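Enquirer: One file is attached below, target_32.cif, containing mmCIF, C-alpha atoms and all ligand atoms.
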```cif
data_model
#
loop_
_atom_site.label_atom_id
_atom_site.label_comp_id
_atom_site.auth_asym_id
_atom_site.auth_seq_id
_atom_site.Cartn_x
_atom_site.Cartn_y
_atom_site.Cartn_z
CA MET F 1 -1.81 30.98 -42.23
CA ASP F 2 -5.28 31.35 -40.70
CA ILE F 3 -6.45 28.12 -39.03
CA GLY F 4 -9.56 27.35 -37.01
CA ILE F 5 -13.06 25.90 -37.02
CA ASP F 6 -14.43 25.68 -40.54
CA LYS F 7 -17.66 23.85 -39.66
CA ILE F 8 -19.41 22.90 -36.43
CA GLY F 9 -22.37 20.57 -35.82
CA VAL F 10 -24.14 19.02 -32.86
CA TYR F 11 -26.18 15.98 -31.90
CA VAL F 12 -28.34 15.64 -28.82
CA PRO F 13 -30.46 12.61 -27.86
CA LYS F 14 -34.14 12.80 -28.76
CA ASN F 15 -35.44 12.46 -25.19
CA TYR F 16 -35.22 14.83 -22.27
CA ILE F 17 -36.53 15.22 -18.75
CA ASP F 18 -38.00 18.43 -17.41
CA ILE F 19 -35.95 19.91 -14.59
CA VAL F 20 -38.98 21.18 -12.64
CA GLU F 21 -40.42 17.64 -12.72
CA LEU F 22 -37.06 16.28 -11.55
CA ALA F 23 -37.00 18.80 -8.68
CA LYS F 24 -40.53 17.79 -7.61
CA ALA F 25 -39.63 14.10 -7.74
CA ARG F 26 -36.63 14.80 -5.51
CA ASN F 27 -38.59 17.04 -3.08
CA VAL F 28 -36.46 20.04 -3.98
CA ASP F 29 -37.70 23.61 -4.56
CA PRO F 30 -37.75 23.88 -8.41
CA ASN F 31 -36.10 27.33 -8.14
CA LYS F 32 -33.00 25.65 -6.78
CA PHE F 33 -32.63 23.68 -10.02
CA THR F 34 -33.80 26.35 -12.50
CA ILE F 35 -32.16 29.38 -10.80
CA GLY F 36 -29.60 27.99 -8.33
CA ILE F 37 -28.21 25.48 -10.85
CA GLY F 38 -29.60 27.14 -14.00
CA GLN F 39 -31.06 24.23 -15.97
CA ASP F 40 -34.44 23.71 -17.69
CA LYS F 41 -34.14 20.33 -19.41
CA GLN F 42 -31.72 17.42 -19.44
CA ALA F 43 -30.96 15.19 -22.43
CA VAL F 44 -31.47 11.47 -21.79
CA PRO F 45 -29.74 9.00 -24.15
CA GLN F 46 -31.30 5.68 -25.13
CA PRO F 47 -29.47 2.46 -24.16
CA TYR F 48 -28.48 2.02 -27.84
CA GLU F 49 -26.71 5.42 -27.77
CA ASP F 50 -23.17 5.97 -26.54
CA ALA F 51 -20.10 8.10 -27.22
CA VAL F 52 -19.60 6.38 -30.60
CA THR F 53 -23.15 6.72 -31.94
CA MET F 54 -23.48 10.35 -30.80
CA ALA F 55 -20.09 11.19 -32.34
CA ALA F 56 -21.17 9.62 -35.63
CA ASN F 57 -24.42 11.59 -35.59
CA SER F 58 -22.76 14.98 -34.93
CA ALA F 59 -20.01 14.43 -37.51
CA ASP F 60 -22.50 13.18 -40.10
CA SER F 61 -24.39 16.49 -39.80
CA ILE F 62 -21.41 18.46 -41.20
CA LEU F 63 -19.24 16.13 -43.31
CA THR F 64 -19.39 16.24 -47.12
CA ALA F 65 -17.68 13.78 -49.48
CA GLU F 66 -15.11 16.50 -50.21
CA ASP F 67 -14.37 17.00 -46.48
CA LYS F 68 -13.89 13.24 -46.06
CA GLN F 69 -11.29 13.09 -48.83
CA ALA F 70 -9.37 16.02 -47.28
CA LEU F 71 -9.27 14.55 -43.73
CA GLY F 72 -5.88 13.55 -42.35
CA LEU F 73 -6.69 13.48 -38.64
CA LEU F 74 -9.66 12.34 -36.55
CA ILE F 75 -9.71 12.91 -32.80
CA VAL F 76 -12.55 12.00 -30.45
CA GLY F 77 -12.43 13.68 -27.05
CA THR F 78 -14.45 11.65 -24.57
CA GLU F 79 -14.54 10.49 -20.97
CA SER F 80 -17.41 8.08 -21.75
CA SER F 81 -15.21 5.65 -23.58
CA ILE F 82 -16.84 2.31 -24.48
CA ASP F 83 -13.62 0.32 -24.64
CA GLU F 84 -10.39 0.40 -22.64
CA SER F 85 -8.36 -0.45 -25.72
CA LYS F 86 -9.97 0.48 -29.03
CA SER F 87 -10.72 4.16 -29.56
CA SER F 88 -14.14 5.54 -30.47
CA ALA F 89 -12.43 7.07 -33.49
CA ALA F 90 -11.73 3.63 -35.02
CA PHE F 91 -15.43 2.70 -34.92
CA LEU F 92 -16.25 5.88 -36.85
CA MET F 93 -14.17 4.94 -39.88
CA ASP F 94 -16.79 2.72 -41.48
CA LEU F 95 -19.83 4.32 -39.86
CA LEU F 96 -18.86 7.62 -41.54
CA ASP F 97 -17.33 5.98 -44.59
CA LEU F 98 -13.93 7.65 -44.11
CA PRO F 99 -10.81 6.95 -46.21
CA GLU F 100 -8.07 4.88 -44.54
CA ASP F 101 -5.20 7.36 -44.70
CA ILE F 102 -6.28 9.12 -41.53
CA ARG F 103 -4.49 9.20 -38.19
CA SER F 104 -7.24 8.60 -35.65
CA PHE F 105 -7.38 8.29 -31.89
CA GLU F 106 -9.26 9.18 -28.70
CA ILE F 107 -8.20 11.74 -26.09
CA LYS F 108 -9.27 11.62 -22.45
CA GLN F 109 -8.82 14.42 -19.97
CA ALA F 110 -12.28 14.92 -18.50
CA CYS F 111 -14.02 17.94 -20.07
CA TYR F 112 -10.75 19.24 -21.52
CA GLY F 113 -10.43 16.41 -24.12
CA ALA F 114 -11.99 18.24 -27.07
CA THR F 115 -9.85 21.33 -26.48
CA ALA F 116 -6.73 19.15 -26.47
CA GLY F 117 -8.05 17.72 -29.75
CA LEU F 118 -8.74 21.13 -31.21
CA GLN F 119 -5.27 22.49 -30.44
CA THR F 120 -3.66 19.28 -31.77
CA ALA F 121 -5.73 19.68 -34.94
CA VAL F 122 -4.54 23.28 -35.37
CA ASP F 123 -0.91 22.10 -35.13
CA PHE F 124 -1.65 19.32 -37.63
CA VAL F 125 -3.17 21.69 -40.18
CA SER F 126 -0.27 24.14 -39.77
CA GLN F 127 2.06 21.27 -40.82
CA ASN F 128 -0.33 19.91 -43.48
CA PRO F 129 -2.12 22.97 -44.90
CA ASP F 130 -4.00 21.02 -47.58
CA LYS F 131 -5.49 18.64 -45.03
CA LYS F 132 -8.41 18.98 -42.66
CA ALA F 133 -8.94 17.53 -39.19
CA LEU F 134 -12.16 16.29 -37.60
CA VAL F 135 -12.44 16.85 -33.84
CA ILE F 136 -15.43 15.37 -32.03
CA ALA F 137 -16.50 15.78 -28.42
CA SER F 138 -18.92 13.07 -27.29
CA ASP F 139 -20.06 12.23 -23.77
CA ILE F 140 -22.77 11.02 -21.44
CA ALA F 141 -22.61 12.86 -18.10
CA ARG F 142 -23.87 10.57 -15.34
CA TYR F 143 -23.80 10.95 -11.57
CA GLY F 144 -26.61 8.64 -10.53
CA ILE F 145 -30.22 8.90 -9.43
CA LYS F 146 -30.84 11.07 -6.34
CA THR F 147 -27.24 12.32 -6.14
CA PRO F 148 -26.42 16.06 -5.90
CA GLY F 149 -24.91 15.80 -9.37
CA GLU F 150 -28.08 14.33 -10.95
CA VAL F 151 -29.40 17.76 -11.95
CA THR F 152 -26.10 18.41 -13.81
CA GLN F 153 -26.27 15.35 -16.08
CA GLY F 154 -26.73 15.49 -19.86
CA ALA F 155 -25.51 13.94 -23.12
CA GLY F 156 -24.54 14.87 -26.64
CA SER F 157 -21.79 15.48 -29.13
CA VAL F 158 -20.25 18.40 -31.00
CA ALA F 159 -18.18 17.89 -34.17
CA MET F 160 -15.80 20.43 -35.67
CA ILE F 161 -13.81 20.48 -38.89
CA VAL F 162 -10.51 22.30 -38.52
CA SER F 163 -8.86 23.70 -41.65
CA GLN F 164 -6.97 26.63 -43.06
CA ASN F 165 -9.07 29.68 -44.03
CA PRO F 166 -11.76 28.69 -41.50
CA ARG F 167 -15.24 30.05 -42.11
CA VAL F 168 -16.56 30.00 -38.52
CA LEU F 169 -13.87 30.75 -35.91
CA LYS F 170 -10.24 31.62 -36.56
CA LEU F 171 -8.03 30.67 -33.62
CA THR F 172 -5.62 33.51 -32.87
CA ARG F 173 -3.00 31.02 -31.51
CA LYS F 174 -2.98 33.02 -28.28
CA SER F 175 -3.44 30.56 -25.47
CA VAL F 176 -2.47 29.89 -21.85
CA TYR F 177 -2.93 26.59 -20.04
CA MET F 178 -2.24 24.84 -16.76
CA THR F 179 -2.40 21.40 -15.14
CA ARG F 180 -2.65 20.48 -11.46
CA ASN F 181 -3.25 17.07 -9.88
CA VAL F 182 -6.62 17.75 -8.24
CA GLY F 183 -9.24 15.34 -6.82
CA ASP F 184 -12.36 17.30 -7.71
CA PHE F 185 -14.12 14.76 -9.96
CA TRP F 186 -13.27 11.24 -11.16
CA ARG F 187 -14.78 8.08 -12.58
CA PRO F 188 -12.94 4.83 -11.84
CA THR F 189 -12.98 2.25 -14.65
CA PHE F 190 -15.43 0.02 -12.72
CA SER F 191 -18.06 2.76 -12.47
CA LYS F 192 -20.64 4.04 -14.95
CA THR F 193 -21.22 7.11 -12.80
CA ALA F 194 -18.86 9.89 -11.76
CA PHE F 195 -17.79 10.81 -8.25
CA ALA F 196 -17.42 14.50 -7.44
CA ARG F 197 -16.42 16.76 -4.58
CA GLY F 198 -19.04 19.16 -5.89
CA LYS F 199 -18.37 22.40 -3.99
CA PHE F 200 -14.59 21.86 -4.17
CA SER F 201 -14.85 21.31 -7.96
CA ASN F 202 -16.60 24.68 -8.28
CA GLU F 203 -13.79 26.37 -6.35
CA VAL F 204 -11.07 24.74 -8.48
CA TYR F 205 -12.90 25.75 -11.68
CA VAL F 206 -13.10 29.40 -10.61
CA ASP F 207 -9.48 29.41 -9.41
CA PHE F 208 -8.30 28.00 -12.77
CA PHE F 209 -10.26 30.69 -14.62
CA ASN F 210 -8.81 33.50 -12.50
CA THR F 211 -5.26 32.15 -12.71
CA LEU F 212 -5.44 31.73 -16.48
CA TRP F 213 -7.01 35.13 -17.09
CA LYS F 214 -4.17 36.75 -15.12
CA LYS F 215 -1.63 34.71 -17.14
CA TYR F 216 -3.31 35.63 -20.43
CA GLN F 217 -3.26 39.35 -19.62
CA GLU F 218 0.42 39.19 -18.68
CA LYS F 219 1.51 37.06 -21.64
CA TYR F 220 -0.31 39.07 -24.32
CA SER F 221 -0.63 42.52 -22.64
CA ALA F 222 -4.36 41.95 -23.05
CA THR F 223 -7.26 43.71 -21.34
CA ILE F 224 -10.93 42.82 -21.11
CA ASP F 225 -11.63 45.50 -23.73
CA ASP F 226 -10.01 43.20 -26.30
CA PHE F 227 -13.03 40.88 -26.01
CA SER F 228 -16.76 41.25 -26.39
CA THR F 229 -17.56 37.72 -25.21
CA LEU F 230 -16.30 35.14 -22.72
CA LEU F 231 -17.35 31.54 -23.31
CA PHE F 232 -17.06 29.01 -20.50
CA HIS F 233 -17.09 25.27 -20.03
CA ILE F 234 -20.69 24.82 -18.85
CA PRO F 235 -21.22 21.76 -16.59
CA TYR F 236 -24.39 23.59 -15.53
CA THR F 237 -25.17 27.14 -16.52
CA LYS F 238 -24.70 28.71 -13.07
CA MET F 239 -21.03 27.58 -13.12
CA GLY F 240 -19.92 30.03 -15.81
CA THR F 241 -21.92 32.76 -14.05
CA LYS F 242 -19.91 32.12 -10.89
CA ALA F 243 -16.62 32.54 -12.79
CA LEU F 244 -17.87 35.62 -14.66
CA ARG F 245 -19.00 37.22 -11.41
CA THR F 246 -15.41 37.27 -10.16
CA LEU F 247 -14.81 40.05 -12.71
CA GLU F 248 -17.65 42.24 -11.39
CA GLY F 249 -16.29 45.49 -9.94
CA LYS F 250 -12.85 44.79 -11.46
CA ILE F 251 -13.86 45.75 -15.00
CA PRO F 252 -16.06 48.65 -16.23
CA ASP F 253 -19.77 48.09 -15.49
CA THR F 254 -20.70 48.45 -19.17
CA LYS F 255 -18.20 45.72 -20.13
CA TYR F 256 -19.50 43.46 -17.35
CA ALA F 257 -23.07 44.03 -18.58
CA GLU F 258 -22.05 43.20 -22.17
CA LEU F 259 -20.24 40.00 -21.10
CA THR F 260 -23.22 38.97 -18.96
CA GLU F 261 -25.67 39.52 -21.82
CA HIS F 262 -23.48 37.53 -24.22
CA TYR F 263 -23.04 34.75 -21.64
CA GLN F 264 -26.84 34.43 -21.49
CA ALA F 265 -26.89 33.81 -25.27
CA SER F 266 -24.14 31.20 -24.92
CA ILE F 267 -26.04 29.13 -22.33
CA LYS F 268 -29.39 28.87 -24.12
CA PHE F 269 -28.63 25.42 -25.55
CA SER F 270 -26.98 24.15 -22.35
CA ARG F 271 -30.07 25.06 -20.31
CA GLU F 272 -31.96 22.71 -22.66
CA VAL F 273 -29.47 19.85 -22.79
CA GLY F 274 -27.30 19.78 -19.66
CA ASN F 275 -23.67 18.81 -19.36
CA LEU F 276 -21.99 17.41 -22.48
CA TYR F 277 -18.73 17.13 -20.51
CA THR F 278 -16.05 17.80 -23.13
CA GLY F 279 -18.58 19.15 -25.63
CA SER F 280 -20.03 21.72 -23.21
CA LEU F 281 -17.77 24.63 -24.11
CA TYR F 282 -18.46 23.96 -27.80
CA LEU F 283 -22.22 23.69 -27.29
CA GLY F 284 -21.87 27.13 -25.68
CA LEU F 285 -19.96 28.37 -28.73
CA LEU F 286 -22.68 27.02 -31.01
CA SER F 287 -25.39 28.58 -28.85
CA TYR F 288 -23.65 31.94 -29.00
CA LEU F 289 -23.09 31.67 -32.77
CA THR F 290 -26.75 30.78 -33.29
CA ASN F 291 -28.32 33.27 -30.89
CA ALA F 292 -26.23 36.46 -30.78
CA ALA F 293 -22.81 36.47 -32.43
CA GLN F 294 -21.59 39.16 -34.82
CA SER F 295 -18.92 38.80 -37.51
CA ASN F 296 -15.37 39.77 -36.46
CA GLU F 297 -16.06 39.51 -32.73
CA GLU F 298 -13.14 38.51 -30.53
CA LEU F 299 -13.99 35.66 -28.14
CA LEU F 300 -12.15 34.32 -25.13
CA LEU F 301 -12.85 30.63 -24.46
CA PHE F 302 -12.29 28.94 -21.08
CA SER F 303 -11.90 25.18 -21.22
CA TYR F 304 -11.81 23.21 -17.96
CA GLY F 305 -11.47 19.48 -17.39
CA SER F 306 -11.49 18.11 -13.88
CA GLY F 307 -8.43 16.41 -12.61
CA ALA F 308 -7.49 19.14 -13.72
CA VAL F 309 -6.46 20.92 -16.91
CA GLY F 310 -7.55 24.40 -17.94
CA GLU F 311 -6.90 26.44 -21.05
CA LEU F 312 -7.89 29.98 -21.98
CA TYR F 313 -7.59 30.86 -25.65
CA SER F 314 -9.01 33.31 -28.12
CA GLY F 315 -10.70 33.26 -31.50
CA GLU F 316 -12.23 35.60 -34.05
CA ILE F 317 -15.67 35.00 -35.52
CA GLN F 318 -15.42 35.02 -39.30
CA ALA F 319 -17.62 37.09 -41.64
CA GLY F 320 -20.41 34.90 -43.06
CA PHE F 321 -20.19 32.32 -40.22
CA ASP F 322 -24.01 32.28 -40.07
CA THR F 323 -24.25 30.91 -43.60
CA ILE F 324 -22.06 27.94 -42.65
CA ILE F 325 -23.93 26.81 -39.53
CA ASP F 326 -27.18 24.94 -40.12
CA GLN F 327 -29.07 26.92 -37.50
CA ASN F 328 -32.55 25.74 -38.56
CA SER F 329 -31.67 22.06 -38.24
CA ILE F 330 -30.09 22.63 -34.82
CA LEU F 331 -33.13 24.51 -33.50
CA LYS F 332 -35.46 21.88 -34.99
CA MET F 333 -33.47 19.07 -33.34
CA LEU F 334 -33.85 20.76 -29.95
CA ASP F 335 -37.55 21.53 -30.48
CA ASN F 336 -38.52 18.09 -31.77
CA ARG F 337 -37.36 16.13 -28.73
CA GLN F 338 -39.78 14.07 -26.66
CA LYS F 339 -40.24 14.61 -22.95
CA MET F 340 -39.81 11.53 -20.77
CA SER F 341 -41.45 11.10 -17.36
CA ILE F 342 -39.13 10.91 -14.35
CA ALA F 343 -40.37 7.35 -13.72
CA ASP F 344 -39.45 6.27 -17.29
CA TYR F 345 -36.08 7.99 -17.04
CA GLU F 346 -35.34 6.13 -13.80
CA LYS F 347 -36.33 2.83 -15.41
CA MET F 348 -34.20 3.47 -18.49
CA TYR F 349 -31.26 4.48 -16.32
CA GLN F 350 -31.04 0.92 -14.99
CA ILE F 351 -30.88 -0.70 -18.44
CA GLU F 352 -27.44 -1.87 -19.35
CA TYR F 353 -26.99 -4.02 -22.44
CA GLN F 354 -25.17 -7.28 -21.79
CA ASN F 355 -23.23 -9.57 -24.07
CA GLY F 356 -25.71 -11.19 -26.48
CA THR F 357 -28.00 -8.17 -26.79
CA ILE F 358 -29.44 -7.57 -30.25
CA VAL F 359 -31.19 -4.22 -30.77
CA ASP F 360 -34.35 -4.14 -32.89
CA PRO F 361 -33.80 -1.40 -35.51
CA GLN F 362 -37.58 -0.75 -35.57
CA ALA F 363 -37.27 0.61 -32.03
CA VAL F 364 -34.33 2.90 -32.83
CA ASN F 365 -34.66 6.67 -33.16
CA SER F 366 -31.11 7.63 -34.08
CA LYS F 367 -29.34 7.35 -37.46
CA PHE F 368 -26.36 5.57 -35.85
CA TYR F 369 -26.92 3.03 -33.10
CA LEU F 370 -25.44 0.17 -31.13
CA SER F 371 -26.89 -2.84 -32.95
CA GLU F 372 -25.45 -5.79 -31.05
CA ILE F 373 -23.00 -6.95 -28.40
CA LYS F 374 -21.47 -10.16 -29.71
CA GLU F 375 -18.54 -11.94 -28.04
CA ASN F 376 -18.38 -8.85 -25.83
CA GLU F 377 -17.69 -6.69 -28.88
CA ARG F 378 -19.89 -3.67 -29.48
CA LEU F 379 -21.17 -3.54 -33.06
CA TYR F 380 -22.74 -0.48 -34.63
CA LYS F 381 -25.04 0.19 -37.57
CA LYS F 382 -26.52 3.06 -39.51
CA LEU F 383 -30.29 3.05 -40.08
CA LYS F 384 -31.09 2.55 -43.75
P1 LIG Q 1 -25.79 21.26 -4.24
O1 LIG Q 1 -25.50 20.46 -3.05
O2 LIG Q 1 -27.14 21.16 -4.84
O3 LIG Q 1 -25.39 22.80 -4.03
O4 LIG Q 1 -24.74 20.86 -5.37
P2 LIG Q 1 -26.08 23.97 -3.20
O5 LIG Q 1 -26.92 23.44 -2.13
O6 LIG Q 1 -24.94 24.87 -2.86
O7 LIG Q 1 -27.04 24.70 -4.25
C1 LIG Q 1 -26.64 25.11 -5.51
C2 LIG Q 1 -27.09 26.55 -5.71
O8 LIG Q 1 -28.52 26.64 -5.65
C3 LIG Q 1 -26.56 27.54 -4.65
O9 LIG Q 1 -26.24 28.75 -5.35
C4 LIG Q 1 -27.78 27.78 -3.78
O10 LIG Q 1 -27.76 29.04 -3.11
C5 LIG Q 1 -28.89 27.74 -4.81
P3 LIG Q 1 -24.70 29.27 -5.39
O11 LIG Q 1 -24.30 29.52 -4.01
O12 LIG Q 1 -23.92 28.10 -5.99
O13 LIG Q 1 -24.76 30.47 -6.26
N1 LIG Q 1 -30.23 27.50 -4.24
C6 LIG Q 1 -31.34 28.13 -4.67
N2 LIG Q 1 -31.54 29.07 -5.61
C7 LIG Q 1 -32.83 29.49 -5.80
N3 LIG Q 1 -33.90 29.04 -5.08
C8 LIG Q 1 -33.73 28.11 -4.12
C9 LIG Q 1 -32.41 27.61 -3.87
N4 LIG Q 1 -31.90 26.70 -3.02
C10 LIG Q 1 -30.56 26.64 -3.24
N5 LIG Q 1 -34.78 27.66 -3.44
C11 LIG Q 1 -23.34 20.98 -7.29
C12 LIG Q 1 -24.51 21.60 -6.55
C13 LIG Q 1 -23.08 21.74 -8.57
C14 LIG Q 1 -22.09 21.03 -6.41
C15 LIG Q 1 -23.71 19.49 -7.61
O14 LIG Q 1 -24.77 19.46 -8.52
C16 LIG Q 1 -22.54 18.69 -8.18
O15 LIG Q 1 -21.77 18.08 -7.44
N6 LIG Q 1 -22.42 18.64 -9.55
C17 LIG Q 1 -21.34 17.89 -10.21
C18 LIG Q 1 -19.99 18.59 -10.14
C19 LIG Q 1 -19.90 19.83 -11.03
O16 LIG Q 1 -20.67 20.02 -11.96
N7 LIG Q 1 -18.89 20.68 -10.80
C20 LIG Q 1 -18.66 21.86 -11.62
C21 LIG Q 1 -17.19 22.27 -11.64
S1 LIG Q 1 -16.14 20.91 -12.14
C22 LIG Q 1 -16.38 20.82 -13.87
O17 LIG Q 1 -16.91 21.71 -14.46
C23 LIG Q 1 -15.92 19.58 -14.57
C24 LIG Q 1 -17.01 18.59 -14.93
O18 LIG Q 1 -17.74 19.05 -16.05
C25 LIG Q 1 -16.42 17.20 -15.18
C26 LIG Q 1 -15.29 17.07 -16.18
O19 LIG Q 1 -14.38 17.87 -16.30
O20 LIG Q 1 -15.29 16.01 -16.80
C27 LIG Q 1 -18.00 18.41 -13.80
#
```
Go ahead and render the structure in this file as structure tokens.

Expert:
Amino acid sequence: MDIGIDKIGVYVPKNYIDIVELAKARNVDPNKFTIGIGQDKQAVPQPYEDAVTMAANSADSILTAEDKQALGLLIVGTESSIDESKSSAAFLMDLLDLPEDIRSFEIKQACYGATAGLQTAVDFVSQNPDKKALVIASDIARYGIKTPGEVTQGAGSVAMIVSQNPRVLKLTRKSVYMTRNVGDFWRPTFSKTAFARGKFSNEVYVDFFNTLWKKYQEKYSATIDDFSTLLFHIPYTKMGTKALRTLEGKIPDTKYAELTEHYQASIKFSREVGNLYTGSLYLGLLSYLTNAAQSNEELLLFSYGSGAVGELYSGEIQAGFDTIIDQNSILKMLDNRQKMSIADYEKMYQIEYQNGTIVDPQAVNSKFYLSEIKENERLYKKLK
């Protein structure tokens, strides 16, 4: 049975900051941020947006009434959880008007969460071929003002429906994975911002990629000629370039040039949005599908979540995928965002809603939003 991604949609907040303006405000040469890090813009969420509201927005962009009736599993991958107990998935049940006979939960493993969800969903559909699964990645990447990680922040959500006979990406079921206890990046429960050993995290990422690529070749007698495209987890767009560069000189020059060109197509959206944490690999997939992909291409996808778990797996783009993805709406959403000054971004960064907050819907610019915190419970609404 063929199983994979049948639909994919994205949500990014409606405000962004310009990376050159951020560089100037931090007294850094703008080339360091645009070339050295590889970013142009960074999505900035409003205080009424969080992992739940962004997840609802991305899922809402792809779900039909028919999909909802066929769902048997809902998984939210996030490391920006809003509750230590209740999962983001439970909040989505009424926001998205989903039927009750769904198994739903949240998965956390840094940026690997959505891939864990995706592979779990594939197993679920193989056991329940008439059912579909909804997998959502939703995160706010935060390191703090004036930290080295600030330029690698971002926010957004990617939603995917997994089913049999997928119309976007069939997963070949060829996959290798690994876990090591590594202290490269972490966010203790008391902290809104992440801590990172930045340079060390880059080294671990590249080492995981190299180790998994070796494993994949051995396990499946694969060569680089089996693939036209490598997609990477993209915390910032230079990161995937660093991993890709480790292949230079080890594979034919023409293949390296092809992979490099395709990587450029896969990072277009990330340059505009920044790190989505667990959604980053899938924003890259969407960027590639929207900007360059061809039917029947074989892709290799590298998922990495600090802490650390990595997985390298493959998929085949399905004929007609471009008729399934709402490319115009995605491009419009990116184009229609409003730039925010660095001063306004810094002010908004400090806002943290407390118990008793009631949000005025007139001031909201997102279909789903945090409407109130009452008795320390976060309550959500959909704009009429
Ligand atoms: P930094 O201190 O700014 O690094 O931190 P740098 O000084 O080495 O500069 C970065 C690059 O800019 C270098 O290029 C410089 O040469 C270049 P590279 O050697 O890397 O190729 N540069 C310039 N280029 C052009 N013109 C100039 C110029 N000046 C310098 N004038 C760092 C950068 C990424 C470490 C920092 O932003 C950070 O700590 N970020 C957060 C951690 C991170 O993103 N790690 C990635 C791997 S871990 C991961 O992917 C998981 C994650 O997504 C979390 C999860 O799983 O949940 C993070």

Enquirer: Residues within 8 Å of ligand LIG 1 (chain Q) should be enumerated using only C-alpha atoms and all ligand atoms and returned as an mmCIF file with C-alpha atoms, in the coordinates of the input.

Expert:
```
data_model
loop_
_atom_site.group_PDB
_atom_site.id
_atom_site.type_symbol
_atom_site.label_atom_id
_atom_site.label_comp_id
_atom_site.auth_asym_id
_atom_site.auth_seq_id
_atom_site.Cartn_x
_atom_site.Cartn_y
_atom_site.Cartn_z
ATOM 1 C CA VAL F 28 -36.460 20.040 -3.980
ATOM 2 C CA ASP F 29 -37.700 23.610 -4.560
ATOM 3 C CA PRO F 30 -37.750 23.880 -8.410
ATOM 4 C CA ASN F 31 -36.100 27.330 -8.140
ATOM 5 C CA LYS F 32 -33.000 25.650 -6.780
ATOM 6 C CA PHE F 33 -32.630 23.680 -10.020
ATOM 7 C CA THR F 34 -33.800 26.350 -12.500
ATOM 8 C CA ILE F 35 -32.160 29.380 -10.800
ATOM 9 C CA GLY F 36 -29.600 27.990 -8.330
ATOM 10 C CA ILE F 37 -28.210 25.480 -10.850
ATOM 11 C CA GLU F 79 -14.540 10.490 -20.970
ATOM 12 C CA GLN F 109 -8.820 14.420 -19.970
ATOM 13 C CA ALA F 110 -12.280 14.920 -18.500
ATOM 14 C CA CYS F 111 -14.020 17.940 -20.070
ATOM 15 C CA TYR F 112 -10.750 19.240 -21.520
ATOM 16 C CA TYR F 143 -23.800 10.950 -11.570
ATOM 17 C CA THR F 147 -27.240 12.320 -6.140
ATOM 18 C CA PRO F 148 -26.420 16.060 -5.900
ATOM 19 C CA GLY F 149 -24.910 15.800 -9.370
ATOM 20 C CA GLU F 150 -28.080 14.330 -10.950
ATOM 21 C CA VAL F 151 -29.400 17.760 -11.950
ATOM 22 C CA THR F 152 -26.100 18.410 -13.810
ATOM 23 C CA ASP F 184 -12.360 17.300 -7.710
ATOM 24 C CA PHE F 185 -14.120 14.760 -9.960
ATOM 25 C CA TRP F 186 -13.270 11.240 -11.160
ATOM 26 C CA ALA F 196 -17.420 14.500 -7.440
ATOM 27 C CA ARG F 197 -16.420 16.760 -4.580
ATOM 28 C CA GLY F 198 -19.040 19.160 -5.890
ATOM 29 C CA LYS F 199 -18.370 22.400 -3.990
ATOM 30 C CA PHE F 200 -14.590 21.860 -4.170
ATOM 31 C CA SER F 201 -14.850 21.310 -7.960
ATOM 32 C CA ASN F 202 -16.600 24.680 -8.280
ATOM 33 C CA GLU F 203 -13.790 26.370 -6.350
ATOM 34 C CA VAL F 204 -11.070 24.740 -8.480
ATOM 35 C CA TYR F 205 -12.900 25.750 -11.680
ATOM 36 C CA HIS F 233 -17.090 25.270 -20.030
ATOM 37 C CA ILE F 234 -20.690 24.820 -18.850
ATOM 38 C CA PRO F 235 -21.220 21.760 -16.590
ATOM 39 C CA TYR F 236 -24.390 23.590 -15.530
ATOM 40 C CA LYS F 238 -24.700 28.710 -13.070
ATOM 41 C CA MET F 239 -21.030 27.580 -13.120
ATOM 42 C CA LYS F 242 -19.910 32.120 -10.890
ATOM 43 C CA ASN F 275 -23.670 18.810 -19.360
ATOM 44 C CA LEU F 276 -21.990 17.410 -22.480
ATOM 45 C CA TYR F 277 -18.730 17.130 -20.510
ATOM 46 C CA THR F 278 -16.050 17.800 -23.130
ATOM 47 C CA SER F 280 -20.030 21.720 -23.210
ATOM 48 C CA TYR F 304 -11.810 23.210 -17.960
ATOM 49 C CA GLY F 305 -11.470 19.480 -17.390
ATOM 50 C CA SER F 306 -11.490 18.110 -13.880
ATOM 51 C CA GLY F 307 -8.430 16.410 -12.610
ATOM 52 C CA ALA F 308 -7.490 19.140 -13.720
#
```

Enquirer: Which one of F:Glu298, F:Leu259, F:Ser80, F:Ile373 sits closest to Glu352 in chain F if you count only C-alpha atoms?

Expert: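 When distances to Glu352 in chain F are compared using only C-alpha atoms, the smallest one comes from F:Ile373.
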
Enquirer: Mind checking which residues fall within 6 Å of Leu71 in chain F, counting all atoms listed in the file, ignoring those fewer than 5 positions away in the same chain, and posting them as a PDB file with C-alpha atoms, in the coordinates of the input?

Expert:
```pdb
ATOM      1  CA  LYS F 131      -5.490  18.640 -45.030  1.00  0.00           C
ATOM      2  CA  LYS F 132      -8.410  18.980 -42.660  1.00  0.00           C
ATOM      3  CA  ALA F 133      -8.940  17.530 -39.190  1.00  0.00           C
TER       4      ALA F 133
END
```

Enquirer: Rounded to one decimal in Å, what is the spacing between CA of Glu311 in chain F and CA of Gly144 in chain F?

Expert: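 Between CA of Glu311 in chain F and CA of Gly144 in chain F the gap works out to 28.6 Å.
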
Enquirer: Do you know which residues are at most 10 Å from Ala51 in chain F counting only C-alpha atoms, after dropping those on the same chain fewer than 5 positions away, and could you put them as a ChimeraX atom specification?

Expert: /F:56,76-82,88-89,136-140,155-157
